[in-house]
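Notes for the one structure printed next.
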Amino acid sequence: MPRRDDVHRILVIGSGPVVIGQAAEFDYSGSQACLSLREEGYFVVLLNSNPATIQTDHRIADRVYIEPITVEAVERIIARENIDAIEPHMGGQTALNLAVKLKKSGVLDRYGIKIIGTPVESIELAEDREKFYEFLKTMGEPQPARYKIRRDNIEEDIASIPDSPVIVRTSFSLGGTGGSIARSRQDLKNMAENLFRSSDIDYLEVNESLEGMKEIEYEVIRDSFGNCITVCNMENIDPMGVHTGESIVVTPSQTLSDVEYQMLRDSAIRIISGLGIQGACNIQFALSEGRYYIIEVNPRTSRSSALASKATGYPIARIAAKIAAGYGLHEIRNPITKSTYAAYEPSLDYVTVKIPRWPFDKFSVDRTIGVQMKSIGEVMGIGRTFEEAIMKAIASLDNAFSSNIRMHASDEELWKLIERPNDRRLFAIFEGLFRNFDTKKMARLSGYDEYFIEKMENIVEMLKHVEIGHIPENLLHLKRIGIPDEIISSFCGIPADAITKYRIEKNIMPVYKRIDTCSGEFEVVVPYMYSTYEDEDEMPDLKGSIMIIGSGPNRIAQGLEFDYGSVKAILALRDMGYRSIMLNSNPETVSTDFDVSDALFFEPVTPEYVINVINRSGCAGLIVQFSGQTGQNMAKRIEDILGRRIVLGTSTESIERIEDRTVFSKVIEDLGIKQPPFAIAENENDTVRKAVSLGLPIILRSSHVIGGRSMEIIYDMDYLADRAREVFTISKNVLVSKYLENATEMDVDFVSDGSSYNICGILVHIEEAGVHSGDATMVYGPGMVSREVEEKIENIVESMVKEFHLIGLSNLQIAARDDDVYVIELNARSSRSVPFISKATGVDWVRYAVECMMGSKITEKRTEAKSYFIKVSVFPFSKFSDMDVVYGPEMKSTGEAMYPGRTITEALRKSLQRSIRSVLITVRDEDKPRMVDIARIMLDKGIKIYATAGTARYLNDHGISAETLYRVRDRREPRILDMISGGAIDMVINTTEMTAGAVRDGFKIRRMCIMRGIPLIMNVNLAKAYAESLGPIPIDYREIGEYL
Amino acid sequence: MKRYLITNDGTVISGYGYGSPVTGYGELVFTTSMTGYLESLTDPSYVGQILVFASPTISNYDLRKGVMESERVKVSGVVTRDAHIEFPAGGLGTEFDRFLMDEGIPGIDGVDTRLLVRKIRQGGVMRAYITDDPEKAKIFPDPMAENLVSKAVEARGIRNIRGKGEKKLLFIDLGSKKTLRDMMLDHFSLTVASVDSDLDSIDRYDAIFVSNGPGDPDHPSLKPVVEFLRKNIGVKPIFGICFGLQIIALAYGSKTYKMKFGHRGSNHAVTDGSRIFITTHNHGYAVNPDYVKDFRVSEYDINDGTIEMIEDDMMMAVQYHPEASPGPHDTRWFFSEMRRRTEDATKG
């Protein structure tokens, strides 16, 4: 059947800011979908509020709207773009939920809009647990026993549920929010009461827990003819009870017999056909002893479909988009072989292992994992064996275990870690194997199949025989089983780089195999490769090409923004006529789409694997500037091992001088550039001494950090001592710098060629200095920076470019106070704000940077802001019940949204996404005077003001009528929490003492805001800006180009 | 222990020996199925062949979770990348090792199997030895010249098996898989006749079925079967699977040819032009499309156009394996369709 011609202009809905459970994978699937539809001649309009995406680039969609993802925005876009169809399956739960809302609110009917791909009815059937369970029942498919707890009948309903482990969840969950395990009836009662208190749902769903069973997923594609294929299955190594996003996952399944494999495949196809899916679908099963249950169906592309696409080479989103356009599977070519059809089930002659990347190195929160997602990103390792794949995944994690898999813990602690799901369980099992723990017992307690533990034992057996003091004689054997140089180094005591050098000398090097969807049965044209120590090399000729390394797993402070840079850089290189090589380990990204580069190496982003590729491919240059801190940390090592220059752009020597905070501060001093007063401390006592002489508050900074780890504003001496001790566990010296109070921080990105430069734009933080630049609310727009400050910034940039001979992109962070400009930090790489500023200026800054790196000279380019662009960060607080909602110099946000406006009020207003009729104000004493003006602005706009006792008294004394709300312990009404949970409060302004250990009175208030999605403003400057944006102001939604 | 795989083009690949230390010889073929290693090893269609598993991890799940498609291992050797035998921890690996030892079948592990797959794809099937003694690999006779069918068939003679269906099927056994017979019993009662039986002596059956089997369908030993079928064209409903399809085609006067490296795996899509089915394949020969005689081709392989289904009013046969095992169950309708057609044909 030819492509459908009843639709012409298609709106694709993106997934918005990166949050836990919904991340970069939707940039990948969304971008693929847009390209796939454009390829068929459709006009594609995109809506996504996330500026860090590749998807919001004009290379991907014809028209791009970086606007709030709301019914209102969609309706306006439909009207102004003459949209006749919507594709909502590529933007995660956000887009799917919006599609359902659009249907319910009548927008679809009003404008005669078609949903292409899986119809809304099927989405509702799969998404509404109630309907879905009914559906399964009629299909005769097994499901876990389920119960309901109604708000008005809690006691009785709970009494009817067996006193055994159950899962409690609410409908339409995202990344498992609201799903948790209750182990007893009492547990269940507490949980139910909590959930009813914190939300307005009428009932809770309770399912029999299938904890301990195997969890297996199938990725299925169905076309409108009813043809169905399964792209692959995936086996979660962690058994049921751990969210699939939190599990270690292996593809293809390793411990399923053909009988089991086909039993689940049959069921998957029956269900997907019964639902009437037209496109991609993910289905999850629990399996044990030949019995299975259906857990969940996701009628859209998902994190798993992105993983499956990368694991198999079968581009699910791309094919699903073609199906939405009307094609059958037998009419679509397989893009990796070009000679075969999409109607085909990939056969894999390798194993992939995915490991989640958790933020526990940043957040001091409960490290147990379960049905609630906590991980921020993931890595995938590919190898010919399970051993090789899992070791590559570990190397890719870029955490402490990547270089040393041993654990320091007592046997007793280890057994606990093995039994209870947590981020270190895998390594506890490794350690258990080193200590000869019983494998059967470990398998029983962890729920890991014995097969996997035996495979891990193969690795441990090899490592047990490594002797200290020399490179192992059986190095080839160690490499063949897949053990990275870093890990070998931790056992033999020889530096990893020396091992790598030795391997090059002795030619102990891997070969490269291709991922081809067919186990070699057909010829493959696309070079999608992974390394292994075998005989035949399938490396294509890549001499003279340029390699770009990606940034590895998404984590706090290093996420999607860096992938944007990588992808844009590859595209720039291709346009300039260079052949490009991409190396990355993150399956969620666009950069690991084999279509993007001339050759894709799915490998850990570490010196060993980068050098192996350089060595075999003969590539001529290496770009590290789009790899975040990861690239900065290894650039010099790579050149040292190779013994020659290969890094393009700013030299590795300059990178080292900039990254060493103490050296950098001295250079700045010598240049006569202002910086906050600082001192360099060599040990803990020294730190305390230096801090005292500078005067608190101070900030501690160590070198080579990601996202300000070990960096915090310190106000009191006791805390200083604690932090100093911690810092010196990872750093030899530390920079103690005075914290500048009441200063405005700014992010300056610039492109330079070693002598000339162009400033991309200056982003001004709304909060005062001290909030991490990744967390701060920022604005780019006309008149935000005074002429004096701008000139001073230009002078600083100029001297930096000359001093460090900066080539490519750099990022400067400064603080301005009273027209004085202080340098806080310089990064000789693309920064988190580059995609934002590229979208806000309409300039492809990455391309300029790449041109400079390839030797071009800068041409003067002045950009002038005509509109306002606000960057609002998104935080994971709702996922960590034990994490307080406060901001500081440690980054906590997972993603960002951009809200553009012709005026700053329009932009701010969009960011609220709701109308504000009442505000609760509760601020610390020092902020009270400034709140008077702010409250007055709001009162004038007819907004009702509530305040806590102290704040209310102060406001009333200053002529602002504010109604008092009370804390629980005041035993008076109205109570704060009741008012918030009752929906009487539309916004909360809450500032709190930053002192560590201070009484956290506001904790409950802040948590409740987060859980209920109420805007929470925790900064007076920001409160003022928002106050001014309230009231009846006109809002319009425009194509991003219309703001320029 | 060091063991060698030696092919007729002179390639010598070394690996770790497991299973039996005997020398194995046969045609070197590969399967891309990712599950069902036991099913594949015991599939009688592999008689005369050394099987390379493209999937690197074999014996990854318990042997006992598999289905024995015949009573013995039927391949003459096994080539694997990672058969989970290197560090036996008292578990599965050793069991697989012992199993092949008991069966008298040599295995070789740690081999760059992808290299072999690509070699076979580019140069066609090869002949190979698995041996501990490279001196043994001197001559490479054609394994397909042998009477493989007689080696593949386990039960000689004629036996009746009562099934769930009333209609009686003459099941010509050329080396059939257990699952195939089981599937038939859901719809028919069977008279199973091994290839060397006097087929003409059998009476009282409603339809004829020709099973899967190994080797060349044009082998002289199969001439009596072809002749028997030719006599029954248009007389009795005739059905066939895989090798059976090829033999039926020969009875119609068609021709078969040896494919470059055949189809072996669980992921091949066949189509009738609009619907697709994912099917299990295991064949090294196919019907020559230039010699389509008195039947129509109703399904073909979506990628290389190989004839996958032929039929007329009284005949229906598929090149793929609807019984699967290993593989997907998309085409199990074939068996109920057989019954329907048999019932229609015998109505009046």
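Letters A, B, ... mark the chains of the structure tokens in the order given; residue numbers begin at 1 per chain; ligand numbers begin at 1, in order shown.
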Only residues of chain B matter here; which ones have an atom within 7 Å of chain A, counting only C-alpha atoms? Give them as a short mmCIF file (atom, residue, chain, number, x, y, z; two decimals) with N, CA and C atoms, in the first residue's frame.
data_model
loop_
_atom_site.label_atom_id
_atom_site.label_comp_id
_atom_site.auth_asym_id
_atom_site.auth_seq_id
_atom_site.Cartn_x
_atom_site.Cartn_y
_atom_site.Cartn_z
N THR B 32 21.04 -19.20 12.30
CA THR B 32 21.01 -17.92 13.00
C THR B 32 19.97 -17.92 14.12
N SER B 33 19.39 -19.08 14.43
CA SER B 33 18.44 -19.15 15.55
C SER B 33 19.15 -18.81 16.85
N MET B 34 18.51 -18.02 17.69
CA MET B 34 19.14 -17.62 18.94
C MET B 34 18.71 -18.51 20.10
N THR B 35 17.66 -19.29 19.91
CA THR B 35 17.23 -20.21 20.97
C THR B 35 17.04 -21.58 20.33
N GLY B 36 16.90 -22.59 21.18
CA GLY B 36 16.59 -23.93 20.68
C GLY B 36 17.80 -24.70 20.21
N ALA B 54 25.50 -19.32 14.81
CA ALA B 54 25.85 -17.91 14.68
C ALA B 54 25.67 -17.21 16.02
N SER B 55 24.68 -17.64 16.77
CA SER B 55 24.48 -17.10 18.11
C SER B 55 25.65 -17.55 18.98
N PRO B 56 26.35 -16.60 19.61
CA PRO B 56 27.59 -16.99 20.29
C PRO B 56 27.37 -17.78 21.58
N THR B 57 26.29 -17.54 22.27
CA THR B 57 26.11 -18.20 23.57
C THR B 57 25.19 -19.41 23.41
N ASN B 60 23.41 -21.94 27.23
CA ASN B 60 23.24 -20.88 28.23
C ASN B 60 22.07 -21.19 29.15
N TYR B 61 21.11 -21.96 28.68
CA TYR B 61 20.03 -22.39 29.57
C TYR B 61 20.06 -23.91 29.65
N LYS B 65 15.53 -27.99 29.38
CA LYS B 65 14.42 -27.12 28.99
C LYS B 65 14.16 -27.19 27.48
N GLY B 66 15.02 -27.88 26.75
CA GLY B 66 14.85 -28.00 25.30
C GLY B 66 13.99 -29.20 24.94
N ASP B 82 30.82 -19.65 22.33
CA ASP B 82 30.86 -19.67 23.79
C ASP B 82 29.82 -20.66 24.30
N PHE B 87 34.76 -22.84 32.35
CA PHE B 87 34.97 -22.96 33.79
C PHE B 87 33.77 -23.62 34.42
N ALA B 89 31.22 -24.87 36.70
CA ALA B 89 31.02 -24.67 38.13
C ALA B 89 29.99 -25.68 38.59
N ASP B 112 35.71 -18.03 16.09
CA ASP B 112 35.12 -16.81 15.53
C ASP B 112 34.05 -17.28 14.54
N ARG B 114 31.37 -15.90 13.58
CA ARG B 114 30.91 -14.91 12.60
C ARG B 114 31.78 -14.95 11.35
N LEU B 115 33.05 -15.18 11.55
CA LEU B 115 33.96 -15.34 10.41
C LEU B 115 33.47 -16.48 9.51
N VAL B 117 30.42 -17.76 9.33
CA VAL B 117 29.14 -17.40 8.69
C VAL B 117 29.41 -16.55 7.45
N ARG B 118 30.27 -15.56 7.63
CA ARG B 118 30.55 -14.66 6.50
C ARG B 118 31.26 -15.40 5.35
N ARG B 121 28.63 -17.43 3.68
CA ARG B 121 27.75 -16.56 2.91
C ARG B 121 28.41 -16.14 1.59
N ASN B 267 14.03 -16.64 11.68
CA ASN B 267 13.60 -15.26 11.49
C ASN B 267 13.30 -14.90 10.06
N HIS B 268 13.06 -15.90 9.22
CA HIS B 268 12.84 -15.59 7.82
C HIS B 268 11.39 -15.20 7.55
N ALA B 269 11.20 -14.07 6.88
CA ALA B 269 9.85 -13.64 6.56
C ALA B 269 9.45 -14.19 5.20
N ARG B 275 0.33 -10.24 3.32
CA ARG B 275 0.60 -10.70 4.69
C ARG B 275 2.03 -11.22 4.77
N ILE B 276 2.62 -11.10 5.94
CA ILE B 276 3.92 -11.72 6.15
C ILE B 276 3.86 -12.66 7.34
N ILE B 278 6.64 -14.76 10.00
CA ILE B 278 8.03 -15.05 10.39
C ILE B 278 8.12 -16.56 10.61
N ASN B 303 13.02 -11.76 1.10
CA ASN B 303 14.33 -11.20 0.79
C ASN B 303 14.94 -11.75 -0.49
N PRO B 326 13.08 -25.21 16.76
CA PRO B 326 12.89 -23.90 17.33
C PRO B 326 12.28 -22.92 16.33
N GLY B 327 11.67 -21.86 16.90
CA GLY B 327 11.20 -20.78 16.05
C GLY B 327 9.78 -20.37 16.34
N PRO B 328 9.31 -19.37 15.59
CA PRO B 328 8.00 -18.77 15.84
C PRO B 328 6.84 -19.61 15.31
#
As a PDB file with C-alpha atoms, in the first residue's frame, please: the residues near stretch 604-615 of chain A (cut-off 8 Å, only C-alpha atoms, same-chain neighbours under 6 positions excluded).
ATOM      1  CA  GLY A 381      28.176  -2.820  26.468  1.00  0.00           C
ATOM      2  CA  LYS A 392      32.316  -2.988  28.637  1.00  0.00           C
ATOM      3  CA  ALA A 393      29.146  -1.757  30.315  1.00  0.00           C
ATOM      4  CA  ALA A 395      33.831   0.437  31.908  1.00  0.00           C
ATOM      5  CA  SER A 396      31.232   2.783  30.406  1.00  0.00           C
ATOM      6  CA  PRO A 484      39.324  -3.611  30.395  1.00  0.00           C
ATOM      7  CA  ASP A 485      42.882  -2.352  30.927  1.00  0.00           C
ATOM      8  CA  ASP A 497      47.856   3.554  30.258  1.00  0.00           C
ATOM      9  CA  THR A 500      47.391   0.034  26.779  1.00  0.00           C
ATOM     10  CA  MET A 509      44.434  -5.352  19.708  1.00  0.00           C
ATOM     11  CA  PRO A 510      40.769  -6.063  19.090  1.00  0.00           C
ATOM     12  CA  ILE A 549      33.651  11.036  21.309  1.00  0.00           C
ATOM     13  CA  GLY A 550      30.314  11.274  23.045  1.00  0.00           C
ATOM     14  CA  SER A 551      29.749  11.943  26.711  1.00  0.00           C
ATOM     15  CA  GLY A 552      28.789   8.456  27.864  1.00  0.00           C
ATOM     16  CA  LEU A 583      32.260   6.666  19.623  1.00  0.00           C
ATOM     17  CA  ASN A 584      29.820   6.513  22.525  1.00  0.00           C
ATOM     18  CA  SER A 585      28.323   4.064  25.000  1.00  0.00           C
ATOM     19  CA  THR A 630      34.664  13.022  30.314  1.00  0.00           C
ATOM     20  CA  MET A 634      41.088  11.953  29.152  1.00  0.00           C
ATOM     21  CA  ARG A 637      46.057  10.735  28.586  1.00  0.00           C
ATOM     22  CA  ILE A 638      45.147   9.789  25.028  1.00  0.00           C
ATOM     23  CA  LEU A 642      49.780   7.682  21.514  1.00  0.00           C
TER      24      LEU A 642
END
Fewer than 4 positions away in the same chain doesn't count, so skip those; otherwise give me all residues within 8 Å of stretch 163-172 of chain B, counting only C-alpha atoms, as an mmCIF file with N, CA and C atoms, in the first residue's frame.
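Here's the written file around_23.cif:
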data_model
loop_
_atom_site.group_PDB
_atom_site.id
_atom_site.type_symbol
_atom_site.label_atom_id
_atom_site.label_comp_id
_atom_site.auth_asym_id
_atom_site.auth_seq_id
_atom_site.Cartn_x
_atom_site.Cartn_y
_atom_site.Cartn_z
ATOM 1 N N MET B 184 0.780 -33.002 13.880
ATOM 2 C CA MET B 184 -0.116 -33.760 13.004
ATOM 3 C C MET B 184 -1.157 -34.520 13.824
ATOM 4 N N LEU B 185 -0.694 -35.031 14.971
ATOM 5 C CA LEU B 185 -1.602 -35.842 15.794
ATOM 6 C C LEU B 185 -2.735 -35.008 16.400
ATOM 7 N N ASP B 186 -2.554 -33.685 16.441
ATOM 8 C CA ASP B 186 -3.648 -32.825 16.905
ATOM 9 C C ASP B 186 -4.798 -32.808 15.900
ATOM 10 N N HIS B 187 -4.497 -33.175 14.644
ATOM 11 C CA HIS B 187 -5.504 -33.027 13.587
ATOM 12 C C HIS B 187 -5.850 -34.328 12.862
ATOM 13 N N PHE B 188 -4.941 -35.299 12.943
ATOM 14 C CA PHE B 188 -5.116 -36.532 12.168
ATOM 15 C C PHE B 188 -4.784 -37.751 13.024
ATOM 16 N N SER B 189 -5.129 -38.910 12.475
ATOM 17 C CA SER B 189 -4.508 -40.142 12.932
ATOM 18 C C SER B 189 -3.499 -40.518 11.856
ATOM 19 N N LEU B 190 -2.363 -41.077 12.267
ATOM 20 C CA LEU B 190 -1.265 -41.243 11.318
ATOM 21 C C LEU B 190 -0.962 -42.707 11.003
ATOM 22 N N THR B 191 -0.608 -42.904 9.720
ATOM 23 C CA THR B 191 0.100 -44.131 9.360
ATOM 24 C C THR B 191 1.477 -43.661 8.948
ATOM 25 N N VAL B 192 2.441 -43.879 9.851
ATOM 26 C CA VAL B 192 3.790 -43.394 9.568
ATOM 27 C C VAL B 192 4.537 -44.483 8.822
ATOM 28 N N ALA B 193 5.024 -44.118 7.629
ATOM 29 C CA ALA B 193 5.759 -45.091 6.822
ATOM 30 C C ALA B 193 7.154 -44.562 6.572
ATOM 31 N N SER B 194 8.157 -45.331 6.933
ATOM 32 C CA SER B 194 9.524 -44.875 6.695
ATOM 33 C C SER B 194 9.817 -44.952 5.207
ATOM 34 N N VAL B 195 10.862 -44.268 4.789
ATOM 35 C CA VAL B 195 11.139 -44.060 3.373
ATOM 36 C C VAL B 195 11.263 -45.374 2.593
ATOM 37 N N ARG B 204 -6.391 -47.416 2.711
ATOM 38 C CA ARG B 204 -7.236 -46.728 3.689
ATOM 39 C C ARG B 204 -6.535 -45.541 4.359
ATOM 40 N N TYR B 205 -6.261 -44.547 3.565
ATOM 41 C CA TYR B 205 -5.835 -43.253 4.133
ATOM 42 C C TYR B 205 -6.510 -42.152 3.333
ATOM 43 N N ASP B 206 -6.629 -40.968 3.952
ATOM 44 C CA ASP B 206 -7.374 -39.868 3.323
ATOM 45 C C ASP B 206 -6.474 -38.855 2.637
ATOM 46 N N ALA B 207 -5.234 -38.786 3.093
ATOM 47 C CA ALA B 207 -4.333 -37.802 2.499
ATOM 48 C C ALA B 207 -2.897 -38.261 2.737
ATOM 49 N N ILE B 208 -1.990 -37.638 1.959
ATOM 50 C CA ILE B 208 -0.573 -38.018 2.050
ATOM 51 C C ILE B 208 0.217 -36.812 2.546
ATOM 52 N N PHE B 209 1.165 -37.095 3.422
ATOM 53 C CA PHE B 209 2.045 -36.025 3.879
ATOM 54 C C PHE B 209 3.493 -36.471 3.724
ATOM 55 N N VAL B 210 4.332 -35.577 3.204
ATOM 56 C CA VAL B 210 5.756 -35.880 3.049
ATOM 57 C C VAL B 210 6.539 -35.004 4.017
ATOM 58 N N SER B 211 7.338 -35.636 4.851
ATOM 59 C CA SER B 211 7.975 -34.910 5.960
ATOM 60 C C SER B 211 9.249 -34.191 5.529
ATOM 61 N N ARG B 339 -6.102 -30.134 7.551
ATOM 62 C CA ARG B 339 -7.271 -30.923 7.941
ATOM 63 C C ARG B 339 -8.503 -30.480 7.148
ATOM 64 N N THR B 342 -8.366 -31.746 3.693
ATOM 65 C CA THR B 342 -8.587 -33.200 3.645
ATOM 66 C C THR B 342 -10.071 -33.502 3.806
ATOM 67 N N GLU B 343 -10.707 -32.800 4.742
ATOM 68 C CA GLU B 343 -12.131 -33.023 4.971
ATOM 69 C C GLU B 343 -12.946 -32.646 3.735
#
Shell around B:Asp9 at 12 Å using only C-alpha atoms, local window under 3 positions removed, as JSON, numbers by chain: {"B": [5, 6, 12, 13, 28, 119, 120, 123, 124, 125, 126, 127, 128, 129, 137, 138, 139, 140]}
The selected residues should be written to file as an mmCIF file, in the first residue's frame (atoms: C-alpha atoms).
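Resulting contents of selection25.cif:
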data_model
loop_
_atom_site.group_PDB
_atom_site.id
_atom_site.type_symbol
_atom_site.label_atom_id
_atom_site.label_comp_id
_atom_site.auth_asym_id
_atom_site.auth_seq_id
_atom_site.Cartn_x
_atom_site.Cartn_y
_atom_site.Cartn_z
ATOM 1 C CA LEU B 5 38.037 -27.189 12.287
ATOM 2 C CA ILE B 6 39.432 -27.798 8.840
ATOM 3 C CA VAL B 12 42.443 -24.424 9.716
ATOM 4 C CA ILE B 13 40.786 -22.899 12.768
ATOM 5 C CA LEU B 28 29.495 -26.901 7.137
ATOM 6 C CA LYS B 119 32.840 -17.123 4.717
ATOM 7 C CA ILE B 120 29.934 -19.463 3.993
ATOM 8 C CA GLY B 123 31.732 -18.652 -0.806
ATOM 9 C CA GLY B 124 28.810 -21.023 -0.267
ATOM 10 C CA VAL B 125 28.648 -24.119 1.902
ATOM 11 C CA MET B 126 31.916 -25.897 2.581
ATOM 12 C CA ARG B 127 32.925 -29.365 3.711
ATOM 13 C CA ALA B 128 34.682 -29.647 7.005
ATOM 14 C CA TYR B 129 36.249 -31.842 9.641
ATOM 15 C CA ALA B 137 41.488 -34.058 7.076
ATOM 16 C CA LYS B 138 42.792 -35.217 3.712
ATOM 17 C CA ILE B 139 39.866 -35.947 1.459
ATOM 18 C CA PHE B 140 36.568 -34.080 1.363
#
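Distances to B:Val78 were evaluated for B:Arg64, B:Arg3, B:His281, B:Arg156 using only C-alpha atoms, and the minimum falls at B:Arg3.
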Q) Taking only C-alpha atoms into account, which of B:Tyr285, B:Tyr252, B:Trp333, B:Tyr4 comes nearest B:Tyr16? A)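 For B:Tyr16, the nearest of the candidates is B:Tyr4.
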### Query
Any idea what's packed within 9 Å of stretch 231-242 of chain B, counting only C-alpha atoms, ignoring anything in its chain fewer than 4 positions away? Could you give it as a ChimeraX atom specification?
/B:205-213,226-227,246-248,251-252,281-283,286,308,311,313-322,338,341-342,345-346
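Among the candidate residues A:Glu825, A:Asp57, A:Glu726, A:Glu963, the one lying nearest to A:Asp749 is A:Glu825, with distances computed using only C-alpha atoms.
Around A:His89, within 7 Å and counting only C-alpha atoms, the residues found are Ala95, Leu96, Arg300 and Thr301 of chain A, once anything fewer than 5 positions away on its own chain is removed.
Residues of stretch 497-644 of chain A carrying a DSSP assignment of strand (DSSP E), computed from the backbone, are Val511, Tyr512, Lys513, Arg514, Tyr528, Met529, Tyr530, Ser531, Thr532, Ile546, Met547, Ile548, Ile549, Ser580, Ile581, Met582, Leu583, Asn584, Ala599, Leu600, Phe601, Phe602, Gly621, Leu622 and Ile623 of chain A.
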Those same residues - N, CA and C atoms - I'd like them written as a CSV table (one decimal), in the first residue's frame.
chain,number,residue,atom,x,y,z
A,511,VAL,N,39.6,-6.8,17.1
A,511,VAL,CA,39.1,-6.6,15.8
A,511,VAL,C,37.7,-5.9,15.9
A,512,TYR,N,37.1,-5.5,14.8
A,512,TYR,CA,35.8,-4.8,14.9
A,512,TYR,C,34.8,-5.6,14.1
A,513,LYS,N,33.7,-5.9,14.8
A,513,LYS,CA,32.6,-6.7,14.1
A,513,LYS,C,31.4,-5.7,13.9
A,514,ARG,N,30.6,-6.1,13.0
A,514,ARG,CA,29.4,-5.2,12.6
A,514,ARG,C,28.1,-5.7,13.3
A,528,TYR,N,28.2,-0.1,11.7
A,528,TYR,CA,27.9,0.0,13.1
A,528,TYR,C,28.7,-1.1,13.8
A,529,MET,N,29.7,-0.7,14.6
A,529,MET,CA,30.7,-1.6,15.0
A,529,MET,C,30.9,-1.7,16.5
A,530,TYR,N,31.5,-2.9,16.9
A,530,TYR,CA,31.9,-3.0,18.3
A,530,TYR,C,33.2,-3.8,18.2
A,531,SER,N,34.0,-3.7,19.3
A,531,SER,CA,35.3,-4.4,19.3
A,531,SER,C,35.2,-5.8,20.0
A,532,THR,N,36.0,-6.7,19.6
A,532,THR,CA,36.2,-8.0,20.3
A,532,THR,C,37.5,-8.5,19.9
A,546,ILE,N,37.6,11.9,11.0
A,546,ILE,CA,37.7,12.7,12.3
A,546,ILE,C,36.8,11.9,13.3
A,547,MET,N,37.3,11.7,14.4
A,547,MET,CA,36.5,11.0,15.5
A,547,MET,C,36.0,12.0,16.5
A,548,ILE,N,34.7,11.8,16.8
A,548,ILE,CA,34.1,12.6,17.9
A,548,ILE,C,33.7,11.6,19.0
A,549,ILE,N,34.1,11.9,20.2
A,549,ILE,CA,33.7,11.0,21.3
A,549,ILE,C,32.4,11.7,22.0
A,580,SER,N,33.3,11.1,9.3
A,580,SER,CA,33.2,11.2,10.7
A,580,SER,C,33.0,9.8,11.4
A,581,ILE,N,33.7,9.7,12.6
A,581,ILE,CA,33.5,8.5,13.4
A,581,ILE,C,32.9,8.9,14.7
A,582,MET,N,31.9,8.2,15.2
A,582,MET,CA,31.3,8.5,16.5
A,582,MET,C,31.6,7.4,17.4
A,583,LEU,N,32.0,7.7,18.6
A,583,LEU,CA,32.3,6.7,19.6
A,583,LEU,C,31.5,7.1,20.9
A,584,ASN,N,30.6,6.2,21.3
A,584,ASN,CA,29.8,6.5,22.5
A,584,ASN,C,29.3,5.2,23.1
A,599,ALA,N,30.7,6.2,10.6
A,599,ALA,CA,31.0,4.9,11.2
A,599,ALA,C,30.7,5.1,12.7
A,600,LEU,N,29.9,4.2,13.3
A,600,LEU,CA,29.6,4.3,14.7
A,600,LEU,C,30.3,3.2,15.5
A,601,PHE,N,31.0,3.5,16.5
A,601,PHE,CA,31.6,2.5,17.4
A,601,PHE,C,30.9,2.6,18.7
A,602,PHE,N,30.2,1.5,19.0
A,602,PHE,CA,29.5,1.5,20.3
A,602,PHE,C,30.4,0.9,21.3
A,621,GLY,N,42.1,12.9,13.4
A,621,GLY,CA,41.9,13.9,14.4
A,621,GLY,C,40.8,13.4,15.4
A,622,LEU,N,40.9,14.0,16.6
A,622,LEU,CA,39.9,13.6,17.6
A,622,LEU,C,39.3,14.9,18.3
A,623,ILE,N,38.0,14.9,18.3
A,623,ILE,CA,37.3,16.1,18.9
A,623,ILE,C,36.8,15.6,20.3
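Checking B:Thr179, B:Ile202, B:Gly107, B:Glu146 one by one against B:Phe228, counting only C-alpha atoms, you find the shortest gap at B:Ile202.
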Counting only C-alpha atoms, the residue among B:Ser59, B:Ser70, B:Thr131, B:Ser45 that lies closest to B:Met144 is B:Ser45
Correct to one decimal, the distance atom CA of B:Leu63-atom CA of A:Cys232 is 22.3 Å
Could you tell me how far atom CA of A:Leu426 sits from atom CA of A:Asp238, in Å to one decimal place?
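Distance between the two atoms: 9.5 Å.
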Q) Which residues come within 9 Å of B:Phe96, counting only C-alpha atoms, excluding same-chain residues fewer than 5 positions away, as a PyMOL selection string? A) chain B and resi 19+59+62-63+83-85+101
